[in-house]
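Shown next: coords_7.txt, containing compact mmCIF, C-alpha atoms.
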# COMPACT_ATOMS: atom_id res chain seq x y z
CA LEU A 15 4.40 -36.27 137.04
CA GLN A 16 5.46 -39.44 135.29
CA PHE A 17 3.05 -38.75 132.45
CA GLY A 18 4.32 -35.18 132.20
CA ILE A 19 7.94 -36.25 131.96
CA SER A 20 7.11 -38.97 129.45
CA GLY A 21 5.04 -36.52 127.47
CA LEU A 22 7.89 -34.03 127.45
CA GLY A 23 10.28 -36.68 126.19
CA TRP A 24 7.82 -37.67 123.46
CA LEU A 25 7.34 -34.04 122.46
CA LYS A 26 11.08 -33.44 122.41
CA ARG A 27 11.62 -36.43 120.15
CA MET A 28 8.75 -35.37 117.94
CA ASN A 29 10.43 -31.98 117.57
CA VAL A 30 13.60 -33.73 116.47
CA ASN A 31 11.74 -35.82 113.90
CA ASP A 32 9.62 -32.94 112.64
CA ILE A 33 12.46 -30.48 112.43
CA PHE A 34 15.32 -32.64 111.24
CA GLY A 35 13.56 -35.41 109.36
CA ALA A 36 13.08 -35.39 105.62
CA ALA A 37 10.64 -32.76 104.39
CA LEU A 38 7.33 -34.37 103.43
CA CYS A 39 5.52 -33.37 100.27
CA LYS A 40 1.74 -33.55 100.58
CA ALA A 41 1.26 -33.65 96.84
CA PRO A 42 0.84 -37.03 95.11
CA ALA A 43 4.03 -38.98 94.52
CA SER A 44 3.48 -38.62 90.78
CA CYS A 45 3.76 -34.84 91.05
CA ASN A 46 7.47 -34.62 90.24
CA SER A 47 7.40 -30.94 89.37
CA HIS A 48 5.89 -30.08 92.75
CA ALA A 49 8.52 -32.21 94.51
CA LYS A 50 11.27 -30.34 92.69
CA THR A 51 9.89 -26.92 93.59
CA GLN A 52 9.58 -27.97 97.24
CA ARG A 53 13.22 -29.06 97.56
CA ARG A 54 14.89 -26.90 100.21
CA HIS A 55 18.43 -25.59 100.02
CA ALA A 56 18.82 -24.29 103.55
CA ALA A 57 22.60 -24.04 103.77
CA HIS A 58 23.92 -20.47 103.78
CA PHE A 59 27.47 -21.65 103.13
CA THR A 60 29.53 -24.01 101.01
CA PHE A 61 31.59 -26.47 103.01
CA GLN A 62 35.26 -26.35 102.07
CA PRO A 63 37.12 -29.50 103.12
CA ASP A 64 40.64 -29.35 104.47
CA PRO A 65 43.54 -31.10 102.73
CA VAL A 66 43.91 -34.80 103.54
CA PRO A 67 46.03 -35.13 106.69
CA THR A 68 49.12 -37.26 106.14
CA LYS A 69 50.79 -37.54 109.54
CA TYR A 70 48.19 -39.58 111.42
CA GLY A 71 48.12 -42.75 109.34
CA PRO A 72 45.44 -44.18 107.02
CA THR A 73 42.34 -42.09 106.39
CA GLN A 74 38.73 -42.89 105.62
CA LYS A 75 35.94 -40.79 104.14
CA MET A 76 33.76 -39.58 107.02
CA ASN A 77 31.19 -36.90 107.63
CA LEU A 78 31.30 -34.98 110.88
CA PHE A 79 29.03 -37.24 112.92
CA GLN A 80 31.01 -40.28 111.77
CA SER A 81 34.25 -38.62 112.83
CA VAL A 82 32.73 -38.04 116.28
CA THR A 83 31.70 -41.71 116.40
CA SER A 84 35.24 -42.68 115.42
CA ALA A 85 36.70 -40.57 118.24
CA LEU A 86 34.33 -42.12 120.77
CA ASP A 87 35.11 -45.60 119.44
CA ASN A 88 38.86 -44.98 119.80
CA THR A 89 38.32 -43.78 123.37
CA LEU A 90 36.18 -46.70 124.48
CA ALA A 91 38.68 -49.12 122.94
CA SER A 92 41.74 -47.60 124.61
CA ASP A 93 40.27 -46.52 127.98
CA PRO A 94 38.41 -49.24 129.91
CA THR A 95 37.04 -46.63 132.33
CA ALA A 96 35.37 -44.54 129.62
CA VAL A 97 31.57 -44.35 129.63
CA ILE A 98 29.15 -42.51 127.33
CA PHE A 99 25.72 -41.45 128.54
CA GLY A 100 22.86 -39.12 127.64
CA GLU A 101 19.38 -39.08 126.19
CA ASP A 102 18.94 -41.78 123.51
CA VAL A 103 22.67 -42.47 123.08
CA ALA A 104 22.13 -46.21 123.49
CA PHE A 105 20.46 -46.59 120.09
CA GLY A 106 22.84 -44.11 118.46
CA GLY A 107 21.39 -40.72 119.35
CA VAL A 108 19.18 -38.45 117.27
CA PHE A 109 22.17 -37.53 115.08
CA ARG A 110 23.62 -41.08 115.08
CA CYS A 111 26.88 -40.03 116.75
CA THR A 112 26.94 -43.09 119.05
CA VAL A 113 25.50 -45.63 116.64
CA GLY A 114 26.83 -49.16 117.17
CA LEU A 115 28.82 -48.33 120.30
CA ARG A 116 26.48 -49.99 122.80
CA ASP A 117 26.49 -53.21 120.77
CA LYS A 118 30.28 -53.12 120.57
CA TYR A 119 31.12 -52.13 124.17
CA GLY A 120 28.07 -53.13 126.17
CA LYS A 121 25.18 -51.48 127.97
CA ASP A 122 27.30 -50.69 131.04
CA ARG A 123 29.53 -48.33 129.01
CA VAL A 124 27.04 -46.71 126.61
CA PHE A 125 23.66 -46.08 128.21
CA ASN A 126 20.63 -43.82 128.27
CA THR A 127 19.81 -41.36 131.02
CA PRO A 128 16.53 -39.81 132.15
CA LEU A 129 15.41 -36.65 130.40
CA CYS A 130 17.27 -34.40 132.85
CA GLU A 131 20.26 -32.36 131.73
CA GLN A 132 21.08 -31.29 135.27
CA GLY A 133 21.21 -34.97 136.24
CA ILE A 134 23.31 -35.91 133.21
CA VAL A 135 26.05 -33.43 134.06
CA GLY A 136 25.80 -34.01 137.80
CA PHE A 137 26.22 -37.74 137.20
CA GLY A 138 29.14 -37.02 134.88
CA ILE A 139 30.88 -34.96 137.56
CA GLY A 140 30.58 -37.86 140.01
CA VAL A 141 31.88 -40.37 137.48
CA ALA A 142 34.87 -38.13 136.69
CA VAL A 143 35.65 -37.45 140.37
CA ALA A 144 35.67 -41.20 140.94
CA GLY A 145 38.43 -41.49 138.33
CA ALA A 146 36.60 -42.70 135.25
CA THR A 147 36.42 -40.95 131.87
CA ALA A 148 32.93 -39.43 131.58
CA ILE A 149 31.55 -38.40 128.17
CA ALA A 150 28.13 -36.81 128.53
CA GLU A 151 25.84 -35.87 125.65
CA ILE A 152 23.35 -33.03 125.87
CA GLN A 153 20.93 -33.72 123.03
CA PHE A 154 20.92 -30.08 121.86
CA ALA A 155 23.02 -27.15 123.08
CA ASP A 156 19.73 -25.30 123.50
CA TYR A 157 18.91 -27.67 126.38
CA ILE A 158 22.18 -27.25 128.25
CA TYR A 159 20.75 -24.50 130.45
CA PRO A 160 19.16 -26.81 133.08
CA ALA A 161 22.74 -28.10 133.60
CA PHE A 162 24.20 -24.59 133.86
CA ASP A 163 24.51 -24.70 137.64
CA GLN A 164 26.22 -28.09 137.59
CA ILE A 165 28.71 -26.92 134.94
CA VAL A 166 29.46 -23.45 136.33
CA ASN A 167 29.19 -23.98 140.08
CA GLU A 168 30.34 -27.59 140.37
CA ALA A 169 32.40 -28.86 137.43
CA ALA A 170 34.32 -25.62 136.81
CA LYS A 171 35.11 -25.06 140.50
CA TYR A 172 35.69 -28.59 141.77
CA ARG A 173 39.49 -28.48 141.62
CA TYR A 174 39.74 -24.92 142.96
CA ARG A 175 37.47 -25.36 145.95
CA SER A 176 39.24 -28.57 147.05
CA GLY A 177 42.72 -27.10 146.72
CA ASN A 178 43.46 -29.61 143.95
CA LEU A 179 42.68 -32.57 146.19
CA PHE A 180 39.84 -33.58 143.85
CA ASP A 181 38.85 -32.69 140.31
CA CYS A 182 36.46 -33.70 137.54
CA GLY A 183 38.88 -33.06 134.70
CA ASN A 184 37.89 -36.35 133.08
CA LEU A 185 34.48 -34.90 132.16
CA THR A 186 33.67 -33.98 128.55
CA ILE A 187 30.24 -32.64 127.59
CA ARG A 188 29.20 -32.94 123.95
CA ALA A 189 26.30 -30.99 122.45
CA PRO A 190 24.98 -30.32 118.91
CA TRP A 191 25.23 -26.57 118.34
CA GLY A 192 24.31 -23.75 115.97
CA CYS A 193 21.78 -23.11 113.25
CA VAL A 194 20.63 -25.87 110.94
CA GLY A 195 18.41 -24.07 108.42
CA HIS A 196 15.08 -24.78 110.10
CA GLY A 197 15.67 -25.36 113.81
CA SER A 198 13.88 -22.28 115.17
CA LEU A 199 14.06 -21.17 118.80
CA TYR A 200 15.06 -24.37 120.57
CA HIS A 201 17.27 -26.17 118.06
CA SER A 202 19.52 -23.40 116.72
CA GLN A 203 21.24 -21.65 119.61
CA SER A 204 24.96 -20.95 120.05
CA PRO A 205 25.52 -20.61 123.83
CA GLU A 206 29.33 -20.56 123.89
CA ALA A 207 29.53 -17.01 125.31
CA PHE A 208 27.66 -18.06 128.48
CA PHE A 209 30.44 -20.49 129.32
CA ALA A 210 33.31 -18.27 128.18
CA HIS A 211 32.67 -16.24 131.35
CA CYS A 212 33.44 -19.25 133.53
CA PRO A 213 37.05 -20.01 134.58
CA GLY A 214 37.76 -23.71 135.08
CA ILE A 215 36.30 -25.18 131.90
CA LYS A 216 37.35 -25.29 128.26
CA VAL A 217 35.00 -24.60 125.34
CA VAL A 218 35.80 -25.98 121.89
CA ILE A 219 34.01 -25.78 118.50
CA PRO A 220 35.31 -27.57 115.36
CA ARG A 221 34.81 -26.57 111.72
CA GLY A 222 34.87 -30.00 110.09
CA PRO A 223 35.36 -33.76 110.54
CA VAL A 224 39.17 -33.77 110.84
CA GLN A 225 39.10 -31.08 113.54
CA ALA A 226 36.08 -32.66 115.22
CA LYS A 227 37.83 -35.94 115.86
CA GLY A 228 41.20 -34.49 116.84
CA LEU A 229 39.79 -31.76 119.08
CA LEU A 230 37.25 -34.10 120.71
CA LEU A 231 40.01 -36.58 121.57
CA SER A 232 42.03 -33.68 122.99
CA CYS A 233 39.06 -32.63 125.14
CA ILE A 234 38.63 -36.18 126.43
CA ALA A 235 42.35 -36.42 127.25
CA ASP A 236 42.54 -32.93 128.79
CA LYS A 237 42.62 -32.78 132.59
CA ASN A 238 39.99 -30.06 132.75
CA PRO A 239 36.23 -30.36 132.17
CA CYS A 240 35.51 -29.49 128.54
CA ILE A 241 32.42 -28.51 126.60
CA PHE A 242 32.56 -29.65 122.99
CA PHE A 243 29.98 -27.99 120.73
CA GLU A 244 29.36 -29.76 117.40
CA PRO A 245 27.91 -27.73 114.48
CA LYS A 246 24.87 -29.84 113.72
CA ILE A 247 24.40 -28.47 110.21
CA LEU A 248 27.79 -30.01 109.38
CA TYR A 249 26.98 -33.49 110.69
CA ARG A 250 26.20 -34.70 107.17
CA ALA A 251 27.15 -31.69 105.03
CA ALA A 252 30.83 -31.82 106.00
CA VAL A 253 32.80 -34.71 104.52
CA GLU A 254 36.58 -35.15 104.68
CA GLN A 255 39.25 -37.82 104.73
CA VAL A 256 39.69 -38.48 108.46
CA PRO A 257 42.45 -40.56 110.08
CA VAL A 258 41.10 -43.87 111.36
CA GLU A 259 43.41 -44.12 114.35
CA SER A 260 43.42 -41.89 117.40
CA TYR A 261 45.09 -38.46 117.15
CA THR A 262 44.87 -35.15 118.96
CA LEU A 263 44.92 -31.51 117.90
CA PRO A 264 46.07 -28.75 120.27
CA LEU A 265 43.49 -26.86 122.29
CA SER A 266 43.65 -23.07 122.73
CA GLN A 267 45.42 -22.72 119.41
CA ALA A 268 43.79 -20.85 116.55
CA GLU A 269 44.57 -21.89 112.99
CA VAL A 270 45.36 -19.51 110.14
CA LEU A 271 43.56 -21.09 107.20
CA GLN A 272 44.41 -18.42 104.63
CA GLU A 273 47.03 -15.72 104.87
CA GLY A 274 46.22 -12.17 103.81
CA SER A 275 47.37 -8.58 104.21
CA ASP A 276 44.33 -6.28 104.34
CA VAL A 277 41.66 -7.70 106.69
CA THR A 278 41.59 -10.42 109.36
CA LEU A 279 38.42 -12.56 109.29
CA LEU A 280 37.86 -14.47 112.54
CA ALA A 281 35.19 -17.08 113.22
CA TRP A 282 34.62 -20.63 114.48
CA GLY A 283 32.43 -23.61 113.65
CA THR A 284 30.13 -23.29 110.64
CA GLN A 285 30.86 -19.59 110.22
CA ILE A 286 34.41 -20.38 109.11
CA HIS A 287 33.03 -21.63 105.80
CA VAL A 288 31.09 -18.39 105.37
CA MET A 289 34.30 -16.45 106.00
CA ARG A 290 36.24 -18.49 103.45
CA GLU A 291 33.68 -17.63 100.81
CA VAL A 292 33.70 -13.98 101.88
CA ALA A 293 37.49 -13.91 101.53
CA ASP A 294 37.17 -15.14 97.93
CA MET A 295 34.49 -12.53 97.21
CA ALA A 296 36.61 -9.72 98.67
CA GLN A 297 39.59 -10.72 96.58
CA GLU A 298 37.57 -11.08 93.38
CA LYS A 299 35.33 -8.00 93.68
CA LEU A 300 37.43 -5.58 95.74
CA GLY A 301 41.00 -6.75 95.33
CA VAL A 302 41.17 -7.08 99.13
CA SER A 303 43.42 -9.73 100.65
CA CYS A 304 41.83 -11.43 103.68
CA GLU A 305 43.45 -13.55 106.37
CA VAL A 306 41.04 -16.21 107.64
CA ILE A 307 41.47 -17.59 111.17
CA ASP A 308 39.56 -20.39 112.86
CA LEU A 309 39.58 -19.71 116.61
CA GLN A 310 38.62 -23.34 117.42
CA THR A 311 38.91 -22.94 121.22
CA ILE A 312 36.66 -20.29 122.76
CA LEU A 313 38.04 -20.67 126.28
CA PRO A 314 40.94 -20.17 126.80
CA TRP A 315 41.29 -18.46 123.40
CA ASP A 316 44.45 -17.83 121.40
CA THR A 317 45.03 -14.08 121.77
CA GLU A 318 48.54 -14.26 120.35
CA THR A 319 47.60 -15.60 116.91
CA VAL A 320 44.69 -13.18 116.53
CA CYS A 321 46.62 -10.07 117.65
CA LYS A 322 49.60 -10.98 115.48
CA SER A 323 47.31 -11.10 112.46
CA VAL A 324 45.59 -7.79 113.30
CA VAL A 325 48.97 -6.07 113.69
CA LYS A 326 49.69 -7.18 110.13
CA THR A 327 46.33 -6.37 108.51
CA GLY A 328 45.12 -3.41 110.61
CA ARG A 329 41.50 -4.56 110.36
CA LEU A 330 39.42 -7.22 112.10
CA LEU A 331 36.01 -8.68 111.32
CA ILE A 332 34.56 -11.17 113.81
CA SER A 333 31.46 -13.17 112.99
CA HIS A 334 29.33 -15.64 114.93
CA GLU A 335 25.73 -16.86 114.87
CA ALA A 336 24.96 -15.96 118.50
CA PRO A 337 23.39 -12.56 119.29
CA VAL A 338 25.77 -9.63 119.00
CA THR A 339 25.26 -8.15 122.48
CA GLY A 340 27.50 -9.96 124.94
CA GLY A 341 28.61 -12.42 122.26
CA PHE A 342 32.18 -13.69 122.34
CA ALA A 343 33.07 -11.27 119.54
CA ALA A 344 32.75 -8.49 122.11
CA GLU A 345 35.44 -10.05 124.32
CA ILE A 346 37.74 -10.49 121.32
CA SER A 347 37.13 -6.90 120.21
CA SER A 348 37.99 -5.54 123.64
CA THR A 349 41.21 -7.51 123.88
CA VAL A 350 42.34 -6.64 120.36
CA GLN A 351 41.75 -2.90 120.80
CA GLU A 352 43.74 -3.01 124.03
CA GLU A 353 46.63 -4.87 122.43
CA CYS A 354 46.57 -3.50 118.87
CA PHE A 355 45.02 -0.02 119.15
CA LEU A 356 47.80 1.83 117.30
CA ASN A 357 47.78 -0.75 114.51
CA LEU A 358 44.06 -0.48 113.69
CA GLU A 359 43.13 1.19 110.41
CA ALA A 360 39.37 0.93 111.05
CA PRO A 361 37.00 0.10 113.92
CA ILE A 362 36.69 -3.61 114.66
CA SER A 363 33.56 -4.99 113.00
CA ARG A 364 31.18 -7.58 114.47
CA VAL A 365 28.77 -9.36 112.13
CA CYS A 366 26.61 -11.58 114.32
CA GLY A 367 23.06 -12.70 115.01
CA TYR A 368 20.48 -10.14 116.06
CA ASP A 369 19.36 -9.56 119.64
CA THR A 370 16.22 -11.62 119.21
CA PRO A 371 15.27 -15.24 119.82
CA PHE A 372 16.40 -17.41 116.92
CA PRO A 373 13.60 -17.23 114.32
CA HIS A 374 12.17 -19.95 112.11
CA VAL A 375 10.96 -18.58 108.76
CA PHE A 376 13.16 -15.50 109.19
CA GLU A 377 16.37 -17.46 109.73
CA PRO A 378 17.82 -16.37 106.35
CA PHE A 379 17.54 -12.75 107.52
CA TYR A 380 18.93 -13.51 110.98
CA ILE A 381 22.11 -15.37 110.18
CA PRO A 382 25.36 -13.45 109.52
CA ASP A 383 25.64 -14.54 105.89
CA LYS A 384 28.36 -13.78 103.35
CA TRP A 385 26.61 -10.64 102.09
CA LYS A 386 26.52 -9.02 105.54
CA CYS A 387 30.19 -9.90 106.07
CA PHE A 388 31.11 -8.60 102.61
CA GLU A 389 29.41 -5.26 103.32
CA ALA A 390 31.34 -5.01 106.59
CA ILE A 391 34.61 -5.50 104.71
CA LYS A 392 33.68 -2.70 102.30
CA ARG A 393 32.95 -0.36 105.21
CA MET A 394 36.28 -1.14 106.84
CA ILE A 395 38.28 -0.70 103.65
CA ASN A 396 36.57 2.64 102.94
CA TYR A 397 36.84 3.94 106.48
Reformat the file's structure so that it appears as structure tokens.
Amino acid sequence: LQFGISGLGWLKRMNVNDIFGAALCKAPASCNSHAKTQRRHAAHFTFQPDPVPTKYGPTQKMNLFQSVTSALDNTLASDPTAVIFGEDVAFGGVFRCTVGLRDKYGKDRVFNTPLCEQGIVGFGIGVAVAGATAIAEIQFADYIYPAFDQIVNEAAKYRYRSGNLFDCGNLTIRAPWGCVGHGSLYHSQSPEAFFAHCPGIKVVIPRGPVQAKGLLLSCIADKNPCIFFEPKILYRAAVEQVPVESYTLPLSQAEVLQEGSDVTLLAWGTQIHVMREVADMAQEKLGVSCEVIDLQTILPWDTETVCKSVVKTGRLLISHEAPVTGGFAAEISSTVQEECFLNLEAPISRVCGYDTPFPHVFEPFYIPDKWKCFEAIKRMINY
């Protein structure tokens, strides 16, 4: 059994290195032309940074994983009860989100756990119930399922079943999330819809470094257990000027990134950057004005902002990477048609992943890219 567990851990880490390490060229080093032809451009989007925030003090250039590190650093510095734990977090984690924190705050506050997601979350619930601030890391969102029972049946219901005598609201669960260009079945999933069906927790997904830090700090401060999904493809691709000091951004509040009059484009995480590009394409090629909204919080979600926009535009396109059937776009569609039925000029459109496991070589065909979203806009406008 010990060998099996160790072997599984080794295999899991090998997957990380193989999948997310630098691509190796088997041709001789002198073969520059071959190296150039083998360079991969996996991103299906262009990251669009937000304006530099001015109300939170001095800023520093950070990518998304550095902004997460900054948020965790701020928390450990200000909250002596805060602890960070998970697989490989002691040396910095596979995405380097906790790098340097063990050396700075000690091995009793930043420490590794066994390879057991159920145990990680179960331990986090106990730490939070005892009154400390628990920040758990699940190495990939794809591996959160062994902890599903602990999250859904324990963390989400702890306050309710005790009549508010006890709670684990100090628990925050972080997990890298979404497609990355070459992650295949077990390193690409977007499981937010599974948890959106569970009252008692909050589910949050940022679009960039500024939001990542502010929303993560809000999750840590919130008195409900929170799941914070981090778009792993943005860890290094997304770079912004991020405030150095601690700050929070409101949960359950969508953000209108671009105002428009003809179509509402709704997404979260990485897909927001696809939608921004689609909005530019629609304006340039079709003369269609698009309103772009970042939902940010999946549960509880901001129905008011979304419905207000749809009343104005009469059309709604929702896009996410997760499979279309039972995806969170379905919940949004249902609510919007109930609230805005007489204002709709066309059926609500969902552009999402297919109902298949996440593929490897076929990822470019699977993802809801800008061309699929653009075609959906044309269908809605011509309806």
Q: Name all residues at most 12 Å from Thr327 of chain A (count all atoms listed in the file; drop same-chain ones fewer than 3 positions away) and give them as a ChimeraX atom specification.
A: /A:273-279,302-306,320-324,330-331,354,357-360,362,394-395
(Q) What does the structure give for the distance between atom CA of Ile307 of chain A and atom CA of Val288 of chain A, in Å to one decimal? (A) 11.9 Å
Q. Using all atoms listed in the file, which of the listed residues (A:Leu265, A:Ile247, A:Val256, A:Ala235) sits closest to Thr83 of chain A?
A.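 For Thr83 of chain A, the nearest of the given residues is A:Val256.
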Q: Just give me the gap between atom CA of Arg221 of chain A and atom CA of Glu269 of chain A in Å, one decimal is fine.
A: 10.9 Å
Q: Name all residues at most 8 Å from Cys193 of chain A (count all atoms listed in the file; drop same-chain ones fewer than 2 positions away) and give them as an MDAnalysis selection string.
A: chainID A and resid 191 195:197 201:204 245:247 335
Q. Counting only C-alpha atoms, which residues come within 9 Å of (34.1, -39.2, 114.9), with the point read in the file's coordinates, and could you list them as a ChimeraX atom specification?
A. /A:76-88,111,223-224,226-228,230,256
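Atom CA of Gln153 of chain A sits 21.6 Å away from atom CA of Pro337 of chain A.
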Q.
I need the residue nearest Gly106 of chain A from this list: A:Lys118, A:Lys216, A:Arg364, A:His58. Use all atoms listed in the file for the distance.
A. A:Lys118
Q) What lies within 6 Å of Asp316 of chain A using only C-alpha atoms, ignoring chain neighbours under 6 positions off, as a PyMOL selection string? A) chain A and resi 266-268
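Nearest-residue note for Phe242 of chain A: choosing from A:Gly222, A:Pro213, A:Gly120, A:Pro190, the minimum distance belongs to A:Pro190, counting only C-alpha atoms.
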Q. Near Val292 of chain A, counting only C-alpha atoms, which residues have an atom at most 10 Å away, once you skip same-chain residues fewer than 3 positions from it, shown as a ChimeraX atom specification?
A. /A:59,279,286-289,295-298,304,306,383-389,391
Q: Could you check which of A:Ile158, A:Ile234, A:Leu300, A:Ala293 is closest to Tyr200 of chain A, using all atoms listed in the file?
A: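 Under the stated criterion, the closest residue is A:Ile158.
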Q: Select, from A:Leu309, A:Ala169, A:Cys130, A:Ile346, the residue with the minimum atom-to-atom distance to Leu271 of chain A, counting only C-alpha atoms.
A: A:Leu309
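Shortest atom-to-atom contact with Val97 of chain A among A:Tyr397, A:Phe109, A:Tyr261, A:Tyr119: A:Tyr119, counting only C-alpha atoms.
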Thr186 of chain A surroundings by all atoms listed in the file, 9 Å radius, close-in-sequence under 5 positions cut, as a PDB file with C-alpha atoms, keeping the file's coordinate frame:
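So part.pdb came out as:
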ATOM      1  CA  GLY A 138      29.140 -37.020 134.880  1.00  0.00           C
ATOM      2  CA  THR A 147      36.420 -40.950 131.870  1.00  0.00           C
ATOM      3  CA  ALA A 148      32.930 -39.430 131.580  1.00  0.00           C
ATOM      4  CA  ILE A 149      31.550 -38.400 128.170  1.00  0.00           C
ATOM      5  CA  ALA A 150      28.130 -36.810 128.530  1.00  0.00           C
ATOM      6  CA  GLU A 151      25.840 -35.870 125.650  1.00  0.00           C
ATOM      7  CA  LEU A 230      37.250 -34.100 120.710  1.00  0.00           C
ATOM      8  CA  CYS A 233      39.060 -32.630 125.140  1.00  0.00           C
ATOM      9  CA  ILE A 234      38.630 -36.180 126.430  1.00  0.00           C
ATOM     10  CA  ASP A 236      42.540 -32.930 128.790  1.00  0.00           C
ATOM     11  CA  ASN A 238      39.990 -30.060 132.750  1.00  0.00           C
ATOM     12  CA  PRO A 239      36.230 -30.360 132.170  1.00  0.00           C
ATOM     13  CA  CYS A 240      35.510 -29.490 128.540  1.00  0.00           C
ATOM     14  CA  ILE A 241      32.420 -28.510 126.600  1.00  0.00           C
ATOM     15  CA  PHE A 242      32.560 -29.650 122.990  1.00  0.00           C
TER      16      PHE A 242
END
Q. What would the list of residues within 10 Å of (26.4, -48.0, 130.4) (file frame) look like as a list in words, if only C-alpha atoms are what count?
A.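 So the residues meeting the distance criterion are Ala96, Val97, Ile98, Phe99, Gly100, Val103, Ala104, Arg116, Tyr119, Gly120, Lys121, Asp122, Arg123, Val124, Phe125, Asn126 and Thr127 of chain A.
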Could I get the residues of segment 91-153 of chain A with an atom no further than 8 Å from an atom of segment 170-182 of chain A, each paired with its nearest atom pair and that distance in Å to one decimal, using only C-alpha atoms, sorted by chain and residue number, as CSV?
residue,atom,partner,partner_atom,distance
A:Ile139,CA,A:Cys182,CA,5.7
A:Gly140,CA,A:Cys182,CA,7.6
A:Ala142,CA,A:Cys182,CA,4.8
A:Val143,CA,A:Cys182,CA,4.8
